[in-house]
>>> print(open('my_file-v6.csv').read())   # CSV, C-alpha atoms and all ligand atoms
chain,number,residue,atom,x,y,z
O,1,MET,CA,0.0,0.0,0.0
O,2,SER,CA,1.3,3.4,-0.9
O,3,GLN,CA,2.2,5.8,2.0
O,4,GLU,CA,-0.7,8.1,3.0
O,5,THR,CA,0.1,11.8,2.7
O,6,PRO,CA,-2.0,14.8,3.2
O,7,LEU,CA,-2.4,15.0,-0.6
O,8,ASN,CA,-3.6,11.5,-1.3
O,9,HIS,CA,-5.6,10.7,1.8
O,10,PRO,CA,-6.3,13.7,4.0
O,11,TYR,CA,-9.9,13.4,4.9
O,12,ARG,CA,-10.3,10.5,7.3
O,13,GLY,CA,-12.3,11.0,10.5
O,14,THR,CA,-10.4,10.3,13.7
O,15,LYS,CA,-11.3,10.1,17.3
O,16,ALA,CA,-9.0,10.9,20.3
O,17,GLN,CA,-9.3,11.2,24.0
O,18,ALA,CA,-7.5,13.2,26.6
O,19,CYS,CA,-7.7,13.7,30.3
O,20,ALA,CA,-7.8,17.1,32.0
O,21,ASN,CA,-5.0,18.0,34.4
O,22,ILE,CA,-4.8,20.0,37.5
O,23,ALA,CA,-1.7,22.1,38.1
O,24,LEU,CA,0.2,21.6,41.3
O,25,VAL,CA,2.4,24.6,40.4
O,26,LYS,CA,0.1,26.9,38.5
O,27,TYR,CA,0.3,28.6,35.2
O,28,TRP,CA,-1.0,32.2,35.5
O,29,GLY,CA,0.3,34.8,33.0
O,30,LYS,CA,1.7,34.9,29.4
O,31,ARG,CA,4.8,36.3,27.8
O,32,ASN,CA,3.2,36.3,24.4
O,33,SER,CA,-0.6,36.3,23.9
O,34,GLU,CA,-0.5,35.7,20.1
O,35,LEU,CA,1.5,32.5,20.3
O,36,ASN,CA,0.1,31.7,23.7
O,37,LEU,CA,3.5,31.5,25.4
O,38,PRO,CA,3.4,31.2,29.2
O,39,ALA,CA,5.4,33.7,31.4
O,40,ALA,CA,6.6,30.8,33.6
O,41,GLY,CA,6.6,27.0,33.8
O,42,SER,CA,4.0,24.9,35.6
O,43,LEU,CA,3.6,21.3,36.9
O,44,SER,CA,0.5,19.2,36.8
O,45,LEU,CA,-1.2,15.9,37.5
O,46,THR,CA,-3.2,14.4,34.6
O,47,LEU,CA,-6.5,13.0,35.9
O,48,ASP,CA,-8.1,9.7,34.9
O,49,LYS,CA,-11.7,10.7,35.6
O,50,LEU,CA,-11.9,14.0,33.7
O,51,ARG,CA,-12.0,12.9,30.1
O,52,THR,CA,-12.8,14.5,26.8
O,53,THR,CA,-13.5,12.6,23.6
O,54,THR,CA,-13.2,14.4,20.3
O,55,SER,CA,-13.8,13.4,16.7
O,56,VAL,CA,-12.5,15.4,13.7
O,57,TYR,CA,-13.5,15.0,10.1
O,58,PHE,CA,-12.2,17.1,7.3
O,59,ASP,CA,-15.0,17.3,4.8
O,60,ASP,CA,-14.8,18.8,1.3
O,61,LYS,CA,-18.5,19.6,1.4
O,62,LEU,CA,-18.2,22.0,4.3
O,63,SER,CA,-18.0,25.7,3.7
O,64,ASP,CA,-17.2,26.5,7.3
O,65,ASP,CA,-15.9,24.6,10.3
O,66,GLU,CA,-18.6,23.1,12.5
O,67,PHE,CA,-18.3,22.4,16.2
O,68,PHE,CA,-20.6,20.4,18.5
O,69,LEU,CA,-19.7,20.5,22.2
O,70,ASP,CA,-21.6,18.1,24.5
O,71,ASP,CA,-24.2,17.5,21.8
O,72,ALA,CA,-25.0,21.2,21.1
O,73,PRO,CA,-23.7,23.5,18.3
O,74,SER,CA,-21.0,25.7,19.6
O,75,THR,CA,-18.9,28.7,18.5
O,76,THR,CA,-15.9,28.1,16.3
O,77,LYS,CA,-14.3,31.4,17.3
O,78,ARG,CA,-11.4,29.8,19.1
O,79,LEU,CA,-11.4,26.5,17.1
O,80,SER,CA,-11.1,27.8,13.5
O,81,PRO,CA,-7.9,29.8,14.0
O,82,TRP,CA,-6.4,26.8,15.8
O,83,LEU,CA,-7.5,24.5,12.9
O,84,ASP,CA,-5.8,26.9,10.5
O,85,ILE,CA,-2.4,26.0,12.1
O,86,ILE,CA,-3.1,22.3,11.3
O,87,ARG,CA,-4.3,23.1,7.8
O,88,ASN,CA,-1.2,25.3,7.1
O,89,ARG,CA,1.0,22.5,8.3
O,90,ALA,CA,-0.8,19.8,6.3
O,91,GLY,CA,-1.1,22.0,3.2
O,92,ILE,CA,-4.9,21.7,3.0
O,93,THR,CA,-7.8,24.2,3.1
O,94,THR,CA,-10.6,21.8,3.9
O,95,ARG,CA,-13.0,22.7,6.7
O,96,ALA,CA,-13.7,20.3,9.6
O,97,ARG,CA,-16.5,19.0,11.6
O,98,VAL,CA,-15.5,18.6,15.3
O,99,VAL,CA,-17.6,16.7,17.8
O,100,SER,CA,-16.4,16.9,21.4
O,101,ASN,CA,-17.8,15.5,24.6
O,102,ASN,CA,-16.8,16.2,28.2
O,103,GLY,CA,-17.7,13.9,31.0
O,104,PHE,CA,-17.6,16.8,33.4
O,105,PRO,CA,-18.8,20.5,33.7
O,106,THR,CA,-17.3,22.8,31.0
O,107,SER,CA,-15.8,26.2,31.6
O,108,SER,CA,-16.2,26.1,35.4
O,109,GLY,CA,-12.6,25.8,36.6
O,110,LEU,CA,-12.3,22.0,35.9
O,111,ALA,CA,-9.7,22.4,33.2
O,112,SER,CA,-12.0,21.4,30.2
O,113,SER,CA,-9.9,23.5,27.8
O,114,ALA,CA,-6.8,21.3,28.7
O,115,SER,CA,-8.4,18.0,27.8
O,116,ALA,CA,-10.3,19.6,24.8
O,117,PHE,CA,-7.2,21.0,23.0
O,118,ALA,CA,-5.1,17.9,23.8
O,119,ALA,CA,-7.7,15.6,22.4
O,120,LEU,CA,-8.2,17.9,19.4
O,121,ALA,CA,-4.4,18.1,18.7
O,122,VAL,CA,-4.3,14.3,18.5
O,123,ALA,CA,-7.5,13.8,16.5
O,124,ALA,CA,-7.1,16.8,14.1
O,125,SER,CA,-3.4,16.2,13.3
O,126,HIS,CA,-4.1,12.6,12.5
O,127,ALA,CA,-7.2,13.5,10.5
O,128,ALA,CA,-5.1,15.9,8.4
O,129,GLY,CA,-2.6,13.2,7.7
O,130,LEU,CA,0.2,14.5,10.0
O,131,GLN,CA,2.2,12.2,12.1
O,132,LEU,CA,3.5,14.3,15.0
O,133,SER,CA,5.6,13.4,18.1
O,134,ASP,CA,4.3,14.0,21.6
O,135,SER,CA,6.5,17.1,21.8
O,136,GLU,CA,5.0,18.5,18.6
O,137,LEU,CA,1.5,17.7,19.8
O,138,SER,CA,2.2,19.5,23.1
O,139,VAL,CA,3.3,22.6,21.2
O,140,LEU,CA,0.2,22.4,19.0
O,141,ALA,CA,-2.1,21.9,22.0
O,142,ARG,CA,-0.5,24.9,23.8
O,143,ARG,CA,-1.5,27.1,20.9
O,144,GLY,CA,-5.1,26.3,21.8
O,145,SER,CA,-4.7,26.5,25.6
O,146,GLY,CA,-1.6,26.7,27.7
O,147,SER,CA,-2.7,24.0,30.1
O,148,ALA,CA,-3.5,21.6,27.2
O,149,ALA,CA,0.2,21.2,26.4
O,150,ARG,CA,0.4,19.2,29.7
O,151,SER,CA,-2.6,16.9,29.0
O,152,ILE,CA,-0.6,15.2,26.1
O,153,PHE,CA,1.2,13.3,28.9
O,154,SER,CA,0.3,10.9,31.7
O,155,GLY,CA,0.7,11.5,35.4
O,156,LEU,CA,3.0,14.2,36.6
O,157,VAL,CA,4.0,16.6,33.9
O,158,GLU,CA,6.3,19.7,33.6
O,159,MET,CA,5.5,22.6,31.3
O,160,HIS,CA,8.5,24.5,30.1
O,161,PRO,CA,8.0,28.2,29.3
O,162,GLY,CA,10.7,28.0,26.6
O,163,THR,CA,13.0,30.7,25.4
O,164,GLU,CA,12.5,30.6,21.6
O,165,ALA,CA,10.5,33.5,20.1
O,166,ASP,CA,8.5,31.1,18.0
O,167,GLY,CA,7.5,29.0,21.0
O,168,SER,CA,9.0,25.8,19.6
O,169,ASP,CA,10.5,24.9,23.0
O,170,SER,CA,7.4,25.9,25.0
O,171,LEU,CA,6.1,22.5,25.6
O,172,ALA,CA,5.5,19.9,28.3
O,173,THR,CA,7.5,16.8,29.2
O,174,SER,CA,6.7,13.8,31.5
O,175,ILE,CA,8.2,13.7,35.0
O,176,ALA,CA,6.5,10.5,36.3
O,177,SER,CA,3.8,8.6,34.5
O,178,ALA,CA,0.6,7.4,36.2
O,179,ASP,CA,2.3,3.9,36.6
O,180,ASP,CA,5.4,5.4,38.2
O,181,TRP,CA,3.6,7.1,41.2
O,182,GLN,CA,-0.1,6.7,41.8
O,183,ILE,CA,-1.5,9.7,43.7
O,184,CYS,CA,-5.0,11.1,43.8
O,185,MET,CA,-7.1,14.2,43.5
O,186,VAL,CA,-10.4,14.6,45.3
O,187,ILE,CA,-12.5,17.3,43.5
O,188,ALA,CA,-15.2,19.1,45.5
O,189,ILE,CA,-17.5,20.8,43.1
O,190,VAL,CA,-19.3,23.8,44.7
O,191,GLY,CA,-22.0,25.9,43.1
O,192,GLY,CA,-23.1,23.0,40.8
O,193,GLY,CA,-20.4,23.5,38.2
O,194,VAL,CA,-21.8,26.8,36.9
O,195,LYS,CA,-19.9,28.7,34.2
O,196,LYS,CA,-17.3,31.1,35.5
O,197,SER,CA,-17.8,34.9,35.2
O,198,ILE,CA,-14.4,35.7,33.8
O,199,SER,CA,-12.3,33.3,31.6
O,200,SER,CA,-8.8,32.3,32.9
O,201,ARG,CA,-7.4,33.9,29.7
O,202,GLN,CA,-9.0,37.3,30.4
O,203,ALA,CA,-8.3,37.0,34.1
O,204,MET,CA,-4.6,36.2,33.8
O,205,ASP,CA,-4.1,39.1,31.4
O,206,HIS,CA,-5.9,41.5,33.7
O,207,CYS,CA,-3.8,40.2,36.7
O,208,SER,CA,-0.5,40.7,34.8
O,209,ALA,CA,-1.6,44.2,33.8
O,210,THR,CA,-2.9,45.5,37.2
O,211,SER,CA,-1.8,43.3,40.1
O,212,PRO,CA,1.1,44.7,42.2
O,213,LEU,CA,1.7,41.1,43.3
O,214,TYR,CA,2.0,39.7,39.7
O,215,GLN,CA,5.8,39.8,39.4
O,216,ALA,CA,6.3,38.3,42.9
O,217,TRP,CA,3.9,35.5,41.8
O,218,ILE,CA,6.0,34.8,38.6
O,219,ASP,CA,9.2,34.9,40.6
O,220,SER,CA,7.8,32.2,42.9
O,221,VAL,CA,7.2,29.6,40.1
O,222,PRO,CA,10.8,28.4,39.2
O,223,PRO,CA,11.7,27.6,42.9
O,224,ASP,CA,8.4,25.9,43.4
O,225,ILE,CA,8.9,23.7,40.3
O,226,LYS,CA,12.4,22.8,41.4
O,227,SER,CA,11.1,21.8,44.9
O,228,ALA,CA,8.1,19.9,43.4
O,229,LYS,CA,10.4,17.9,41.2
O,230,GLU,CA,12.6,17.0,44.2
O,231,ALA,CA,9.5,15.9,46.1
O,232,ILE,CA,8.3,13.8,43.2
O,233,GLY,CA,11.8,12.2,42.9
O,234,GLN,CA,11.6,11.3,46.6
O,235,ARG,CA,7.9,10.3,46.3
O,236,ASP,CA,7.3,12.7,49.2
O,237,LEU,CA,3.6,13.6,49.2
O,238,GLU,CA,3.8,15.9,52.2
O,239,LYS,CA,6.5,18.0,50.5
O,240,LEU,CA,4.6,18.0,47.2
O,241,GLY,CA,1.4,18.9,48.9
O,242,ALA,CA,2.9,21.9,50.7
O,243,ILE,CA,4.1,23.3,47.4
O,244,THR,CA,0.7,22.6,45.8
O,245,GLU,CA,-1.2,24.5,48.4
O,246,GLY,CA,1.4,27.4,48.4
O,247,SER,CA,1.3,27.8,44.6
O,248,ALA,CA,-2.5,27.9,44.5
O,249,MET,CA,-2.7,30.5,47.3
O,250,ALA,CA,0.1,32.6,45.7
O,251,MET,CA,-1.8,32.6,42.3
O,252,HIS,CA,-5.0,33.5,44.0
O,253,ALA,CA,-3.3,36.2,46.1
O,254,ALA,CA,-2.0,37.8,42.9
O,255,ALA,CA,-5.5,37.5,41.3
O,256,LEU,CA,-7.2,39.0,44.3
O,257,ALA,CA,-4.8,42.0,44.3
O,258,SER,CA,-5.8,42.8,40.6
O,259,ARG,CA,-7.7,46.1,40.2
O,260,PRO,CA,-10.6,45.5,40.1
O,261,PRO,CA,-10.1,42.2,41.9
O,262,ILE,CA,-10.5,38.7,40.5
O,263,ARG,CA,-12.2,36.6,43.1
O,264,TYR,CA,-13.2,33.0,42.3
O,265,TRP,CA,-13.9,32.2,45.9
O,266,GLN,CA,-17.4,31.4,47.3
O,267,PRO,CA,-18.3,30.7,50.9
O,268,ALA,CA,-18.3,27.0,50.1
O,269,THR,CA,-14.7,27.3,48.9
O,270,LEU,CA,-13.7,28.4,52.4
O,271,ALA,CA,-15.7,25.7,54.0
O,272,CYS,CA,-13.8,23.1,51.9
O,273,LEU,CA,-10.4,24.7,52.7
O,274,ASN,CA,-11.2,24.7,56.5
O,275,ARG,CA,-12.2,21.1,56.3
O,276,VAL,CA,-9.0,20.2,54.5
O,277,SER,CA,-7.0,21.9,57.3
O,278,GLU,CA,-8.9,19.9,59.9
O,279,LEU,CA,-8.2,16.6,58.0
O,280,ARG,CA,-4.5,17.5,58.1
O,281,GLU,CA,-4.7,18.0,61.9
O,282,GLU,CA,-6.3,14.6,62.0
O,283,GLY,CA,-3.2,13.2,60.4
O,284,ILE,CA,-4.5,12.8,56.8
O,285,SER,CA,-2.3,13.8,53.8
O,286,ALA,CA,-4.6,16.3,52.2
O,287,TYR,CA,-3.5,19.4,50.3
O,288,PRO,CA,-5.8,21.8,48.6
O,289,THR,CA,-5.5,23.6,45.3
O,290,MET,CA,-7.9,25.9,43.3
O,291,ASP,CA,-8.1,27.1,39.7
O,292,ALA,CA,-10.1,29.7,37.9
O,293,GLY,CA,-13.3,28.7,39.7
O,294,PRO,CA,-14.8,28.1,43.2
O,295,HIS,CA,-14.1,24.3,43.3
O,296,VAL,CA,-11.5,22.9,45.7
O,297,LYS,CA,-9.3,20.0,44.6
O,298,VAL,CA,-7.4,18.0,47.2
O,299,LEU,CA,-4.2,16.2,46.5
O,300,THR,CA,-4.0,13.0,48.6
O,301,SER,CA,-3.0,9.4,48.5
O,302,ILE,CA,-5.1,6.6,47.0
O,303,SER,CA,-5.5,5.0,50.4
O,304,GLU,CA,-6.8,8.3,52.0
O,305,SER,CA,-8.9,9.5,49.1
O,306,ARG,CA,-12.2,7.9,50.3
O,307,ARG,CA,-11.9,9.6,53.7
O,308,VAL,CA,-11.1,13.0,52.1
O,309,ALA,CA,-14.0,12.5,49.7
O,310,ASP,CA,-16.4,11.6,52.5
O,311,ALA,CA,-15.4,14.7,54.5
O,312,MET,CA,-16.0,16.9,51.4
O,313,SER,CA,-19.4,15.3,50.7
O,314,GLU,CA,-20.6,16.1,54.3
O,315,LEU,CA,-20.3,19.8,53.6
O,316,SER,CA,-23.8,21.1,52.6
O,317,GLU,CA,-22.4,23.4,49.9
O,318,VAL,CA,-20.6,20.7,48.0
O,319,SER,CA,-22.8,19.4,45.2
O,320,GLU,CA,-20.6,16.7,43.8
O,321,VAL,CA,-17.3,14.9,44.7
O,322,ILE,CA,-15.0,13.2,42.2
O,323,ILE,CA,-12.1,11.0,43.2
O,324,SER,CA,-9.6,10.7,40.4
O,325,ALA,CA,-6.3,8.8,40.2
O,326,SER,CA,-3.5,9.8,37.9
O,327,GLY,CA,-4.5,9.4,34.3
O,328,PRO,CA,-3.0,8.5,30.9
O,329,GLY,CA,-1.8,10.8,28.2
O,330,ALA,CA,-3.8,11.8,25.1
O,331,SER,CA,-4.4,9.0,22.6
O,332,LEU,CA,-6.1,8.1,19.4
O,333,ILE,CA,-9.1,5.8,20.0
O,334,ALA,CA,-10.5,5.3,16.4
E,401,LIG,C1,-3.3,26.0,35.4
E,401,LIG,N1,-5.1,27.6,34.8
E,401,LIG,O1,-2.1,25.9,35.6
E,401,LIG,C2,-3.9,27.4,35.6
E,401,LIG,C3,-4.3,27.6,37.0
E,401,LIG,C4,-6.2,28.1,35.6
E,401,LIG,C5,-5.6,28.4,36.9
E,401,LIG,O2,-4.1,27.0,32.9
E,401,LIG,O3,-5.2,31.3,28.0
E,401,LIG,O4,-7.2,27.8,29.8
E,401,LIG,O5,-6.0,29.0,27.2
E,401,LIG,O6,-3.6,29.4,27.8
E,401,LIG,O7,-4.9,27.0,29.9
E,401,LIG,C6,-6.2,27.8,32.7
E,401,LIG,O8,-5.8,28.5,31.7
E,401,LIG,O9,-5.4,29.4,29.6
E,401,LIG,C7,-5.1,27.4,33.5
E,401,LIG,P1,-5.0,29.8,28.1
E,401,LIG,P2,-5.8,28.1,30.2
E,401,LIG,O10,-4.0,25.0,35.2
>>> encode(input="my_file-v6.csv", output="structure tokens", more="lines below")
Ligand code: 2P0
Amino acid sequence: MSQETPLNHPYRGTKAQACANIALVKYWGKRNSELNLPAAGSLSLTLDKLRTTTSVYFDDKLSDDEFFLDDAPSTTKRLSPWLDIIRNRAGITTRARVVSNNGFPTSSGLASSASAFAALAVAASHAAGLQLSDSELSVLARRGSGSAARSIFSGLVEMHPGTEADGSDSLATSIASADDWQICMVIAIVGGGVKKSISSRQAMDHCSATSPLYQAWIDSVPPDIKSAKEAIGQRDLEKLGAITEGSAMAMHAAALASRPPIRYWQPATLACLNRVSELREEGISAYPTMDAGPHVKVLTSISESRRVADAMSELSEVSEVIISASGPGASLIA
């Protein structure tokens, strides 16, 4: 059989899946908005339970890209410019039909753009006839969403800010796969997973432009990544947890100091954080983190995760609790 190239067989439909990830050392700020280059590195845990499945089909009959998200037609405003990167690279102009489904609330601080663009990078590149390495997929996913670069990989992952002007070295690498060290995240959803009032993209730009704490936040990232990698090397959950909690609080402190402030916290958020502190006093390894939303995610061990989840479930303001172990990297499924 002759080798398939974008010219002789570009229009297959393909399906991929990717897991969301939660940062233990956060990404919050860009050095270049157009190429979506982060101002600093980050470090994350890919989560088995938060999965996105995406199909991409390049179709000659389409005059525009089409996007269906969780069974409803959705805007292609962010999707089409990103697909143009793939089309340019593959030398095609064909429009695509993209069908994506999340098994968890979208745009509510549960990192749906991370799994979305990671799954899309795998499915769309393959559908366009490109064969890309994981590093190339990570660069491509980053153009859609900074956190998506990390979801290409399993388990514990480092995002490198890179130094090249074109962003070719701004990509993620694996630190320890899900098989190397199984740890767990308990996600307490508060407010029923409602959509957030300000996107992380707008929020981090506003924070970098107005927060007097922004530079201090950026300066805190490299030492946190270094310490987190040492903790991972030593399989030291207590040390990794302390960095996780500190990084989230530093990011939110910078966001809160923006003018006007960016405040994702709800009363239920504080109730969760207080309960996590109590769990620690009871001897449980439980370390909270928060993203661009009111939910609280708790880093813990597999053996202690049920106890942490039960404690979160008992809080009246918590509407749902998800326990997730470390998950796999993005992959083609059809
Ligand atoms: C993170 N977040 O490290 C941080 C912590 C939210 C809080 O990455 O503008 O959707 O698309 O690159 O990846 C969410 O930001 O931002 C995020 P863009 P993204 O997970």
>>> closest_residue(input="my_file-v6.csv", among="O:Asp64, O:Asp134, O:Asp179, O:Glu158", to="ligand LIG 401 (chain E)", atoms="all atoms listed in the file")
O:Glu158
>>> closest_residue(input="my_file-v6.csv", among="O:Leu62, O:Leu110, O:Val139, O:Ala20", to="His160 of chain O", atoms="all atoms listed in the file")
O:Val139
>>> closest_residue(input="my_file-v6.csv", among="O:Leu79, O:Ala72, O:Val186, O:Ala268", to="ligand LIG 401 (chain E)", atoms="all atoms listed in the file")
O:Leu79
>>> residues_near_ligand(input="my_file-v6.csv", ligand="ligand LIG 401 (chain E)", cutoff="10 Å", atoms="only C-alpha atoms and all ligand atoms", output="VMD selection string")
chain O and resid 20 to 30 33 35 to 38 41 to 45 78 107 109 to 115 117 141 to 150 159 199 to 205 247 to 248 251 to 252 289 to 293
>>> write_last_selection(input="my_file-v6.csv", atoms="C-alpha atoms", output="PDB file, keeping the file's coordinate frame")
ATOM      1  CA  ALA O  20      -7.800  17.100  32.000  1.00  0.00           C
ATOM      2  CA  ASN O  21      -5.000  18.000  34.400  1.00  0.00           C
ATOM      3  CA  ILE O  22      -4.800  20.000  37.500  1.00  0.00           C
ATOM      4  CA  ALA O  23      -1.700  22.100  38.100  1.00  0.00           C
ATOM      5  CA  LEU O  24       0.200  21.600  41.300  1.00  0.00           C
ATOM      6  CA  VAL O  25       2.400  24.600  40.400  1.00  0.00           C
ATOM      7  CA  LYS O  26       0.100  26.900  38.500  1.00  0.00           C
ATOM      8  CA  TYR O  27       0.300  28.600  35.200  1.00  0.00           C
ATOM      9  CA  TRP O  28      -1.000  32.200  35.500  1.00  0.00           C
ATOM     10  CA  GLY O  29       0.300  34.800  33.000  1.00  0.00           C
ATOM     11  CA  LYS O  30       1.700  34.900  29.400  1.00  0.00           C
ATOM     12  CA  SER O  33      -0.600  36.300  23.900  1.00  0.00           C
ATOM     13  CA  LEU O  35       1.500  32.500  20.300  1.00  0.00           C
ATOM     14  CA  ASN O  36       0.100  31.700  23.700  1.00  0.00           C
ATOM     15  CA  LEU O  37       3.500  31.500  25.400  1.00  0.00           C
ATOM     16  CA  PRO O  38       3.400  31.200  29.200  1.00  0.00           C
ATOM     17  CA  GLY O  41       6.600  27.000  33.800  1.00  0.00           C
ATOM     18  CA  SER O  42       4.000  24.900  35.600  1.00  0.00           C
ATOM     19  CA  LEU O  43       3.600  21.300  36.900  1.00  0.00           C
ATOM     20  CA  SER O  44       0.500  19.200  36.800  1.00  0.00           C
ATOM     21  CA  LEU O  45      -1.200  15.900  37.500  1.00  0.00           C
ATOM     22  CA  ARG O  78     -11.400  29.800  19.100  1.00  0.00           C
ATOM     23  CA  SER O 107     -15.800  26.200  31.600  1.00  0.00           C
ATOM     24  CA  GLY O 109     -12.600  25.800  36.600  1.00  0.00           C
ATOM     25  CA  LEU O 110     -12.300  22.000  35.900  1.00  0.00           C
ATOM     26  CA  ALA O 111      -9.700  22.400  33.200  1.00  0.00           C
ATOM     27  CA  SER O 112     -12.000  21.400  30.200  1.00  0.00           C
ATOM     28  CA  SER O 113      -9.900  23.500  27.800  1.00  0.00           C
ATOM     29  CA  ALA O 114      -6.800  21.300  28.700  1.00  0.00           C
ATOM     30  CA  SER O 115      -8.400  18.000  27.800  1.00  0.00           C
ATOM     31  CA  PHE O 117      -7.200  21.000  23.000  1.00  0.00           C
ATOM     32  CA  ALA O 141      -2.100  21.900  22.000  1.00  0.00           C
ATOM     33  CA  ARG O 142      -0.500  24.900  23.800  1.00  0.00           C
ATOM     34  CA  ARG O 143      -1.500  27.100  20.900  1.00  0.00           C
ATOM     35  CA  GLY O 144      -5.100  26.300  21.800  1.00  0.00           C
ATOM     36  CA  SER O 145      -4.700  26.500  25.600  1.00  0.00           C
ATOM     37  CA  GLY O 146      -1.600  26.700  27.700  1.00  0.00           C
ATOM     38  CA  SER O 147      -2.700  24.000  30.100  1.00  0.00           C
ATOM     39  CA  ALA O 148      -3.500  21.600  27.200  1.00  0.00           C
ATOM     40  CA  ALA O 149       0.200  21.200  26.400  1.00  0.00           C
ATOM     41  CA  ARG O 150       0.400  19.200  29.700  1.00  0.00           C
ATOM     42  CA  MET O 159       5.500  22.600  31.300  1.00  0.00           C
ATOM     43  CA  SER O 199     -12.300  33.300  31.600  1.00  0.00           C
ATOM     44  CA  SER O 200      -8.800  32.300  32.900  1.00  0.00           C
ATOM     45  CA  ARG O 201      -7.400  33.900  29.700  1.00  0.00           C
ATOM     46  CA  GLN O 202      -9.000  37.300  30.400  1.00  0.00           C
ATOM     47  CA  ALA O 203      -8.300  37.000  34.100  1.00  0.00           C
ATOM     48  CA  MET O 204      -4.600  36.200  33.800  1.00  0.00           C
ATOM     49  CA  ASP O 205      -4.100  39.100  31.400  1.00  0.00           C
ATOM     50  CA  SER O 247       1.300  27.800  44.600  1.00  0.00           C
ATOM     51  CA  ALA O 248      -2.500  27.900  44.500  1.00  0.00           C
ATOM     52  CA  MET O 251      -1.800  32.600  42.300  1.00  0.00           C
ATOM     53  CA  HIS O 252      -5.000  33.500  44.000  1.00  0.00           C
ATOM     54  CA  THR O 289      -5.500  23.600  45.300  1.00  0.00           C
ATOM     55  CA  MET O 290      -7.900  25.900  43.300  1.00  0.00           C
ATOM     56  CA  ASP O 291      -8.100  27.100  39.700  1.00  0.00           C
ATOM     57  CA  ALA O 292     -10.100  29.700  37.900  1.00  0.00           C
ATOM     58  CA  GLY O 293     -13.300  28.700  39.700  1.00  0.00           C
TER      59      GLY O 293
END
>>> closest_residue(input="my_file-v6.csv", among="O:Ala172, O:Val99, O:Leu256, O:Ile243", to="Pro212 of chain O", atoms="only C-alpha atoms")
O:Leu256
>>> atom_distance(input="my_file-v6.csv", atom1="atom CA of Pro222 of chain O", atom2="atom CA of Ala325 of chain O")
26.0 Å
>>> residues_around(input="my_file-v6.csv", residues="Ser326 of chain O", least_positions_apart="3", cutoff="8 Å", atoms="only C-alpha atoms", output="list of chain:residue names")
O:Leu45, O:Thr46, O:Leu47, O:Asp48, O:Ser154, O:Gly155, O:Leu156, O:Ala178, O:Gln182, O:Ile183, O:Cys184, O:Met185
>>> closest_residue(input="my_file-v6.csv", among="O:Phe153, O:Phe104, O:Trp181, O:Phe68", to="Arg51 of chain O", atoms="all atoms listed in the file")
O:Phe104
>>> residues_around(input="my_file-v6.csv", residues="Thr54 of chain O", least_positions_apart="4", cutoff="12 Å", atoms="all atoms listed in the file", output="JSON, numbers by chain")
{"O": [13, 14, 15, 16, 17, 18, 19, 67, 68, 69, 70, 71, 97, 98, 99, 100, 101, 102, 103, 115, 116, 117, 118, 119, 120, 121, 122, 123, 124, 127, 330, 331, 332, 333, 334]}
>>> atom_distance(input="my_file-v6.csv", atom1="atom CA of Glu136 of chain O", atom2="atom CA of Gly91 of chain O")
16.9 Å
>>> atom_distance(input="my_file-v6.csv", atom1="atom CA of Ser151 of chain O", atom2="atom CA of Pro328 of chain O")
8.6 Å
>>> residues_around(input="my_file-v6.csv", residues="Val321 of chain O", least_positions_apart="2", cutoff="8 Å", atoms="all atoms listed in the file", output="list in words")
Val186, Ile187, Ala188, Ile189, Ala309, Met312, Ser313, Val318, Ser319 and Ile323 of chain O
>>> closest_residue(input="my_file-v6.csv", among="O:Lys61, O:Leu137, O:Gly246, O:Ile198", to="Val221 of chain O", atoms="all atoms listed in the file")
O:Gly246
>>> decode(input="my_file-v6.csv", residues="segment 125-131 of chain O", atoms="N, CA, C and O atoms", output="PDB file, in the first residue's frame")
ATOM      1  N   SER O 125      -4.659  16.440  13.997  1.00  0.00           N
ATOM      2  CA  SER O 125      -3.398  16.243  13.274  1.00  0.00           C
ATOM      3  C   SER O 125      -3.459  14.921  12.510  1.00  0.00           C
ATOM      4  O   SER O 125      -3.057  14.839  11.349  1.00  0.00           O
ATOM      5  N   HIS O 126      -3.997  13.907  13.142  1.00  0.00           N
ATOM      6  CA  HIS O 126      -4.101  12.613  12.485  1.00  0.00           C
ATOM      7  C   HIS O 126      -5.069  12.669  11.305  1.00  0.00           C
ATOM      8  O   HIS O 126      -4.787  12.138  10.222  1.00  0.00           O
ATOM      9  N   ALA O 127      -6.219  13.344  11.528  1.00  0.00           N
ATOM     10  CA  ALA O 127      -7.219  13.455  10.450  1.00  0.00           C
ATOM     11  C   ALA O 127      -6.655  14.213   9.254  1.00  0.00           C
ATOM     12  O   ALA O 127      -7.050  13.973   8.111  1.00  0.00           O
ATOM     13  N   ALA O 128      -5.725  15.119   9.501  1.00  0.00           N
ATOM     14  CA  ALA O 128      -5.126  15.905   8.415  1.00  0.00           C
ATOM     15  C   ALA O 128      -3.931  15.189   7.792  1.00  0.00           C
ATOM     16  O   ALA O 128      -3.260  15.738   6.910  1.00  0.00           O
ATOM     17  N   GLY O 129      -3.646  13.978   8.259  1.00  0.00           N
ATOM     18  CA  GLY O 129      -2.571  13.181   7.665  1.00  0.00           C
ATOM     19  C   GLY O 129      -1.198  13.483   8.222  1.00  0.00           C
ATOM     20  O   GLY O 129      -0.194  13.045   7.666  1.00  0.00           O
ATOM     21  N   LEU O 130      -1.146  14.214   9.356  1.00  0.00           N
ATOM     22  CA  LEU O 130       0.157  14.534   9.951  1.00  0.00           C
ATOM     23  C   LEU O 130       0.527  13.470  10.985  1.00  0.00           C
ATOM     24  O   LEU O 130      -0.350  12.976  11.705  1.00  0.00           O
ATOM     25  N   GLN O 131       1.781  13.154  11.065  1.00  0.00           N
ATOM     26  CA  GLN O 131       2.245  12.238  12.112  1.00  0.00           C
ATOM     27  C   GLN O 131       3.188  13.007  13.016  1.00  0.00           C
ATOM     28  O   GLN O 131       4.332  13.272  12.642  1.00  0.00           O
TER      29      GLN O 131
END
